[in-house]
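So this one's target_36.cif, mmCIF, N, CA and C atoms and all ligand atoms:
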data_model
loop_
_atom_site.label_atom_id
_atom_site.label_comp_id
_atom_site.auth_asym_id
_atom_site.auth_seq_id
_atom_site.Cartn_x
_atom_site.Cartn_y
_atom_site.Cartn_z
N MET Y 18 -105.40 176.30 -63.31
CA MET Y 18 -104.01 176.65 -62.98
C MET Y 18 -103.92 177.07 -61.51
N ASN Y 19 -102.99 176.53 -60.78
CA ASN Y 19 -102.85 176.83 -59.36
C ASN Y 19 -102.06 178.12 -59.13
N ILE Y 20 -102.54 178.93 -58.17
CA ILE Y 20 -101.81 180.13 -57.78
C ILE Y 20 -100.78 179.73 -56.72
N CYS Y 21 -99.61 180.33 -56.79
CA CYS Y 21 -98.53 180.02 -55.85
C CYS Y 21 -98.95 180.38 -54.41
N PRO Y 22 -98.80 179.45 -53.45
CA PRO Y 22 -99.16 179.73 -52.07
C PRO Y 22 -98.16 180.62 -51.35
N TYR Y 23 -97.01 180.88 -51.96
CA TYR Y 23 -95.96 181.67 -51.29
C TYR Y 23 -96.07 183.15 -51.65
N CYS Y 24 -96.14 183.45 -52.93
CA CYS Y 24 -96.19 184.86 -53.34
C CYS Y 24 -97.61 185.29 -53.72
N HIS Y 25 -98.50 184.33 -53.90
CA HIS Y 25 -99.91 184.61 -54.24
C HIS Y 25 -100.04 185.41 -55.53
N THR Y 26 -99.03 185.39 -56.34
CA THR Y 26 -99.05 186.14 -57.59
C THR Y 26 -98.79 185.22 -58.78
N GLY Y 27 -97.74 184.42 -58.63
CA GLY Y 27 -97.32 183.57 -59.73
C GLY Y 27 -98.21 182.36 -59.89
N ARG Y 28 -98.06 181.70 -61.01
CA ARG Y 28 -98.79 180.46 -61.26
C ARG Y 28 -97.82 179.29 -61.20
N LEU Y 29 -98.35 178.17 -60.72
CA LEU Y 29 -97.53 176.97 -60.61
C LEU Y 29 -97.59 176.19 -61.91
N ARG Y 30 -96.42 175.92 -62.46
CA ARG Y 30 -96.35 175.18 -63.71
C ARG Y 30 -95.66 173.85 -63.49
N ARG Y 31 -96.12 172.85 -64.22
CA ARG Y 31 -95.51 171.52 -64.13
C ARG Y 31 -94.18 171.49 -64.88
N ARG Y 32 -93.21 170.86 -64.25
CA ARG Y 32 -91.90 170.80 -64.89
C ARG Y 32 -91.12 169.66 -64.27
N ASP Y 33 -90.27 169.02 -65.06
CA ASP Y 33 -89.42 167.97 -64.51
C ASP Y 33 -88.16 168.59 -63.94
N MET Y 34 -87.87 168.28 -62.67
CA MET Y 34 -86.72 168.85 -62.00
C MET Y 34 -85.78 167.73 -61.57
N VAL Y 35 -84.54 168.10 -61.29
CA VAL Y 35 -83.61 167.14 -60.70
C VAL Y 35 -83.93 167.04 -59.21
N TYR Y 36 -84.04 165.81 -58.72
CA TYR Y 36 -84.36 165.60 -57.32
C TYR Y 36 -83.17 164.92 -56.65
N VAL Y 37 -82.68 165.50 -55.57
CA VAL Y 37 -81.50 164.99 -54.89
C VAL Y 37 -81.87 164.71 -53.43
N GLN Y 38 -81.50 163.54 -52.95
CA GLN Y 38 -81.82 163.20 -51.56
C GLN Y 38 -80.79 162.23 -51.02
N TRP Y 39 -80.38 162.47 -49.79
CA TRP Y 39 -79.50 161.51 -49.13
C TRP Y 39 -80.33 160.35 -48.61
N HIS Y 40 -79.84 159.14 -48.90
CA HIS Y 40 -80.52 157.95 -48.39
C HIS Y 40 -79.46 157.13 -47.66
N GLY Y 41 -79.39 157.30 -46.33
CA GLY Y 41 -78.30 156.69 -45.58
C GLY Y 41 -76.99 157.34 -46.02
N ASP Y 42 -76.04 156.53 -46.47
CA ASP Y 42 -74.75 157.05 -46.92
C ASP Y 42 -74.74 157.32 -48.42
N ALA Y 43 -75.83 157.02 -49.10
CA ALA Y 43 -75.86 157.13 -50.54
C ALA Y 43 -76.62 158.38 -50.98
N LEU Y 44 -76.05 159.08 -51.96
CA LEU Y 44 -76.73 160.24 -52.53
C LEU Y 44 -77.57 159.78 -53.71
N LEU Y 45 -78.84 160.02 -53.61
CA LEU Y 45 -79.77 159.59 -54.64
C LEU Y 45 -80.09 160.77 -55.55
N VAL Y 46 -79.95 160.58 -56.85
CA VAL Y 46 -80.25 161.64 -57.80
C VAL Y 46 -81.25 161.12 -58.83
N VAL Y 47 -82.36 161.81 -58.94
CA VAL Y 47 -83.36 161.47 -59.95
C VAL Y 47 -83.38 162.60 -60.97
N ASP Y 48 -83.06 162.26 -62.23
CA ASP Y 48 -82.92 163.30 -63.26
C ASP Y 48 -84.23 164.01 -63.57
N ARG Y 49 -85.30 163.26 -63.68
CA ARG Y 49 -86.56 163.87 -64.11
C ARG Y 49 -87.66 163.55 -63.12
N MET Y 50 -87.74 164.36 -62.09
CA MET Y 50 -88.76 164.19 -61.07
C MET Y 50 -89.88 165.20 -61.34
N PRO Y 51 -91.12 164.74 -61.43
CA PRO Y 51 -92.20 165.69 -61.69
C PRO Y 51 -92.34 166.69 -60.56
N ALA Y 52 -92.38 167.97 -60.89
CA ALA Y 52 -92.47 169.02 -59.88
C ALA Y 52 -93.32 170.15 -60.43
N ILE Y 53 -93.70 171.06 -59.52
CA ILE Y 53 -94.36 172.29 -59.95
C ILE Y 53 -93.49 173.45 -59.50
N ILE Y 54 -93.39 174.46 -60.33
CA ILE Y 54 -92.53 175.60 -60.01
C ILE Y 54 -93.27 176.90 -60.32
N CYS Y 55 -93.12 177.87 -59.44
CA CYS Y 55 -93.78 179.16 -59.59
C CYS Y 55 -93.04 180.00 -60.64
N ASP Y 56 -93.80 180.61 -61.55
CA ASP Y 56 -93.15 181.39 -62.62
C ASP Y 56 -92.79 182.81 -62.17
N VAL Y 57 -93.12 183.16 -60.93
CA VAL Y 57 -92.77 184.50 -60.42
C VAL Y 57 -91.65 184.42 -59.38
N CYS Y 58 -91.88 183.69 -58.28
CA CYS Y 58 -90.88 183.67 -57.20
C CYS Y 58 -89.94 182.47 -57.30
N GLY Y 59 -90.27 181.51 -58.16
CA GLY Y 59 -89.39 180.36 -58.36
C GLY Y 59 -89.52 179.30 -57.29
N GLU Y 60 -90.49 179.44 -56.42
CA GLU Y 60 -90.73 178.43 -55.39
C GLU Y 60 -91.11 177.12 -56.07
N LYS Y 61 -90.51 176.02 -55.61
CA LYS Y 61 -90.83 174.76 -56.27
C LYS Y 61 -91.25 173.70 -55.28
N ALA Y 62 -92.05 172.79 -55.74
CA ALA Y 62 -92.51 171.68 -54.93
C ALA Y 62 -92.56 170.44 -55.81
N TYR Y 63 -92.14 169.33 -55.25
CA TYR Y 63 -92.17 168.11 -56.03
C TYR Y 63 -93.54 167.47 -55.93
N ASP Y 64 -93.88 166.73 -56.96
CA ASP Y 64 -95.15 166.02 -57.00
C ASP Y 64 -95.21 165.02 -55.85
N GLU Y 65 -96.21 165.17 -54.99
CA GLU Y 65 -96.28 164.35 -53.77
C GLU Y 65 -96.34 162.87 -54.07
N GLN Y 66 -97.12 162.51 -55.07
CA GLN Y 66 -97.24 161.09 -55.42
C GLN Y 66 -95.92 160.53 -55.92
N ALA Y 67 -95.18 161.33 -56.69
CA ALA Y 67 -93.90 160.88 -57.21
C ALA Y 67 -92.90 160.69 -56.07
N VAL Y 68 -92.91 161.62 -55.10
CA VAL Y 68 -92.01 161.51 -53.95
C VAL Y 68 -92.36 160.27 -53.12
N GLU Y 69 -93.66 160.07 -52.94
CA GLU Y 69 -94.11 158.91 -52.17
C GLU Y 69 -93.69 157.61 -52.84
N HIS Y 70 -93.85 157.57 -54.16
CA HIS Y 70 -93.47 156.39 -54.93
C HIS Y 70 -91.97 156.12 -54.77
N LEU Y 71 -91.18 157.19 -54.81
CA LEU Y 71 -89.73 157.08 -54.66
C LEU Y 71 -89.39 156.53 -53.27
N GLN Y 72 -90.06 157.02 -52.24
CA GLN Y 72 -89.81 156.54 -50.87
C GLN Y 72 -90.09 155.04 -50.76
N GLN Y 73 -91.18 154.61 -51.41
CA GLN Y 73 -91.53 153.19 -51.38
C GLN Y 73 -90.44 152.35 -52.04
N LEU Y 74 -89.92 152.85 -53.16
CA LEU Y 74 -88.83 152.15 -53.85
C LEU Y 74 -87.60 152.07 -52.95
N LEU Y 75 -87.30 153.18 -52.24
CA LEU Y 75 -86.14 153.22 -51.35
C LEU Y 75 -86.30 152.21 -50.22
N TRP Y 76 -87.50 152.20 -49.63
CA TRP Y 76 -87.74 151.27 -48.53
C TRP Y 76 -87.63 149.84 -49.00
N ALA Y 77 -88.15 149.58 -50.21
CA ALA Y 77 -88.09 148.22 -50.77
C ALA Y 77 -86.64 147.79 -50.97
N SER Y 78 -85.80 148.70 -51.51
CA SER Y 78 -84.40 148.35 -51.74
C SER Y 78 -83.65 148.24 -50.42
N ALA Y 79 -84.01 149.07 -49.44
CA ALA Y 79 -83.34 149.02 -48.13
C ALA Y 79 -83.61 147.69 -47.44
N SER Y 80 -84.86 147.25 -47.48
CA SER Y 80 -85.20 145.97 -46.84
C SER Y 80 -84.58 144.82 -47.62
N GLY Y 81 -84.41 145.00 -48.94
CA GLY Y 81 -83.77 143.96 -49.76
C GLY Y 81 -82.32 143.78 -49.35
N GLN Y 82 -81.60 144.91 -49.10
CA GLN Y 82 -80.21 144.84 -48.65
C GLN Y 82 -80.12 144.17 -47.29
N LEU Y 83 -81.11 144.49 -46.43
CA LEU Y 83 -81.14 143.94 -45.10
C LEU Y 83 -81.25 142.43 -45.11
N SER Y 84 -82.17 141.93 -45.94
CA SER Y 84 -82.39 140.48 -45.99
C SER Y 84 -81.20 139.77 -46.62
N SER Y 85 -80.52 140.42 -47.62
CA SER Y 85 -79.38 139.75 -48.25
C SER Y 85 -78.21 139.68 -47.28
N SER Y 86 -78.02 140.73 -46.45
CA SER Y 86 -76.91 140.69 -45.50
C SER Y 86 -77.18 139.71 -44.37
N SER Y 87 -78.45 139.58 -43.96
CA SER Y 87 -78.77 138.64 -42.90
C SER Y 87 -78.68 137.21 -43.41
N SER Y 88 -78.93 136.98 -44.71
CA SER Y 88 -78.79 135.63 -45.24
C SER Y 88 -77.31 135.25 -45.36
N ARG Y 89 -76.44 136.28 -45.57
CA ARG Y 89 -74.99 136.01 -45.55
C ARG Y 89 -74.54 135.58 -44.17
N LEU Y 90 -75.11 136.26 -43.14
CA LEU Y 90 -74.77 135.90 -41.76
C LEU Y 90 -75.18 134.48 -41.42
N ALA Y 91 -76.33 134.08 -41.94
CA ALA Y 91 -76.85 132.74 -41.65
C ALA Y 91 -76.19 131.72 -42.59
ZN ZN Y 101 -94.59 182.27 -56.19
#
Now, as a test, write the supplied structure out as structure tokens.
Amino acid sequence: MNICPYCHTGRLRRRDMVYVQWHGDALLVVDRMPAIICDVCGEKAYDEQAVEHLQQLLWASASGQLSSSSSRLA
């Protein structure tokens, strides 16, 4: 079990949290994002791998929009 790096007292527990992020003009909401949360101070951090995976998905969709708009131009 990991000790919280902020309060050094609480323990970090795994929990699914709502993740909200602006992506350009669009608000992205993920209902169940894996995260860890401190049971004492409430400090939370999202699972790094999950966030990274989400970024890759965003980049993939962003480049997909780019190519579809450029094919309309052509
Ligand atoms: Zn804490």
- List every protein, DNA or RNA residue with an atom no more than 12 Å from (-91.9, 183.7, -58.5) in the file's coordinates, counting only C-alpha atoms, and format the result as a PyMOL selection string. chain Y and resi 20-30+53-61
- Note on the structure: atom CA of Val37 of chain Y sits from atom C of Asn19 of chain Y at a separation of 24.8 Å
- Message: What parts of chain Y does DSSP call helix (DSSP H, G or I)? I'd like the answer as number ranges by chain.
- Response: Y: 65-90
- Å distance separating atom C of Met34 of chain Y from atom N of Glu65 of chain Y, one decimal place: 12.6 Å
- Task: Tell me which of Y:Ala52, Y:Ala62, Y:Gln38, Y:Ser80 sits closest to ligand ZN 101 (chain Y), counting only C-alpha atoms and all ligand atoms.
- Result: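 Smallest separation from ligand ZN 101 (chain Y) among the options: Y:Ala62.
With atom CA of Leu44 of chain Y on one side and atom CA of Asp64 of chain Y on the other, the separation reads 19.8 Å.
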Do you know which residues are at most 12 Å from Gly41 of chain Y counting only C-alpha atoms, after dropping those on the same chain fewer than 2 positions away, and could you put them as an mmCIF file with N, CA and C atoms, in the coordinates of the input?
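This went into out14.cif:
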data_model
loop_
_atom_site.group_PDB
_atom_site.id
_atom_site.type_symbol
_atom_site.label_atom_id
_atom_site.label_comp_id
_atom_site.auth_asym_id
_atom_site.auth_seq_id
_atom_site.Cartn_x
_atom_site.Cartn_y
_atom_site.Cartn_z
ATOM 1 N N GLN Y 38 -81.500 163.540 -52.950
ATOM 2 C CA GLN Y 38 -81.820 163.200 -51.560
ATOM 3 C C GLN Y 38 -80.790 162.230 -51.020
ATOM 4 N N TRP Y 39 -80.380 162.470 -49.790
ATOM 5 C CA TRP Y 39 -79.500 161.510 -49.130
ATOM 6 C C TRP Y 39 -80.330 160.350 -48.610
ATOM 7 N N ALA Y 43 -75.830 157.020 -49.100
ATOM 8 C CA ALA Y 43 -75.860 157.130 -50.540
ATOM 9 C C ALA Y 43 -76.620 158.380 -50.980
ATOM 10 N N LEU Y 44 -76.050 159.080 -51.960
ATOM 11 C CA LEU Y 44 -76.730 160.240 -52.530
ATOM 12 C C LEU Y 44 -77.570 159.780 -53.710
ATOM 13 N N LEU Y 45 -78.840 160.020 -53.610
ATOM 14 C CA LEU Y 45 -79.770 159.590 -54.640
ATOM 15 C C LEU Y 45 -80.090 160.770 -55.550
ATOM 16 N N LEU Y 75 -87.300 153.180 -52.240
ATOM 17 C CA LEU Y 75 -86.140 153.220 -51.350
ATOM 18 C C LEU Y 75 -86.300 152.210 -50.220
ATOM 19 N N TRP Y 76 -87.500 152.200 -49.630
ATOM 20 C CA TRP Y 76 -87.740 151.270 -48.530
ATOM 21 C C TRP Y 76 -87.630 149.840 -49.000
ATOM 22 N N ALA Y 79 -84.010 149.070 -49.440
ATOM 23 C CA ALA Y 79 -83.340 149.020 -48.130
ATOM 24 C C ALA Y 79 -83.610 147.690 -47.440
#
- Message: I need the strand (DSSP E) residues of chain Y per DSSP on the backbone, written as a ChimeraX atom specification.
- Response: /Y:29-40,43-55,61-63
- Find the spatial neighbours of Met50 of chain Y, counting only C-alpha atoms, within a cut-off of 8 Å - ignore same-chain residues fewer than 5 positions away - and output them as a VMD selection string. chain Y and resid 33 to 36 63 to 64 67
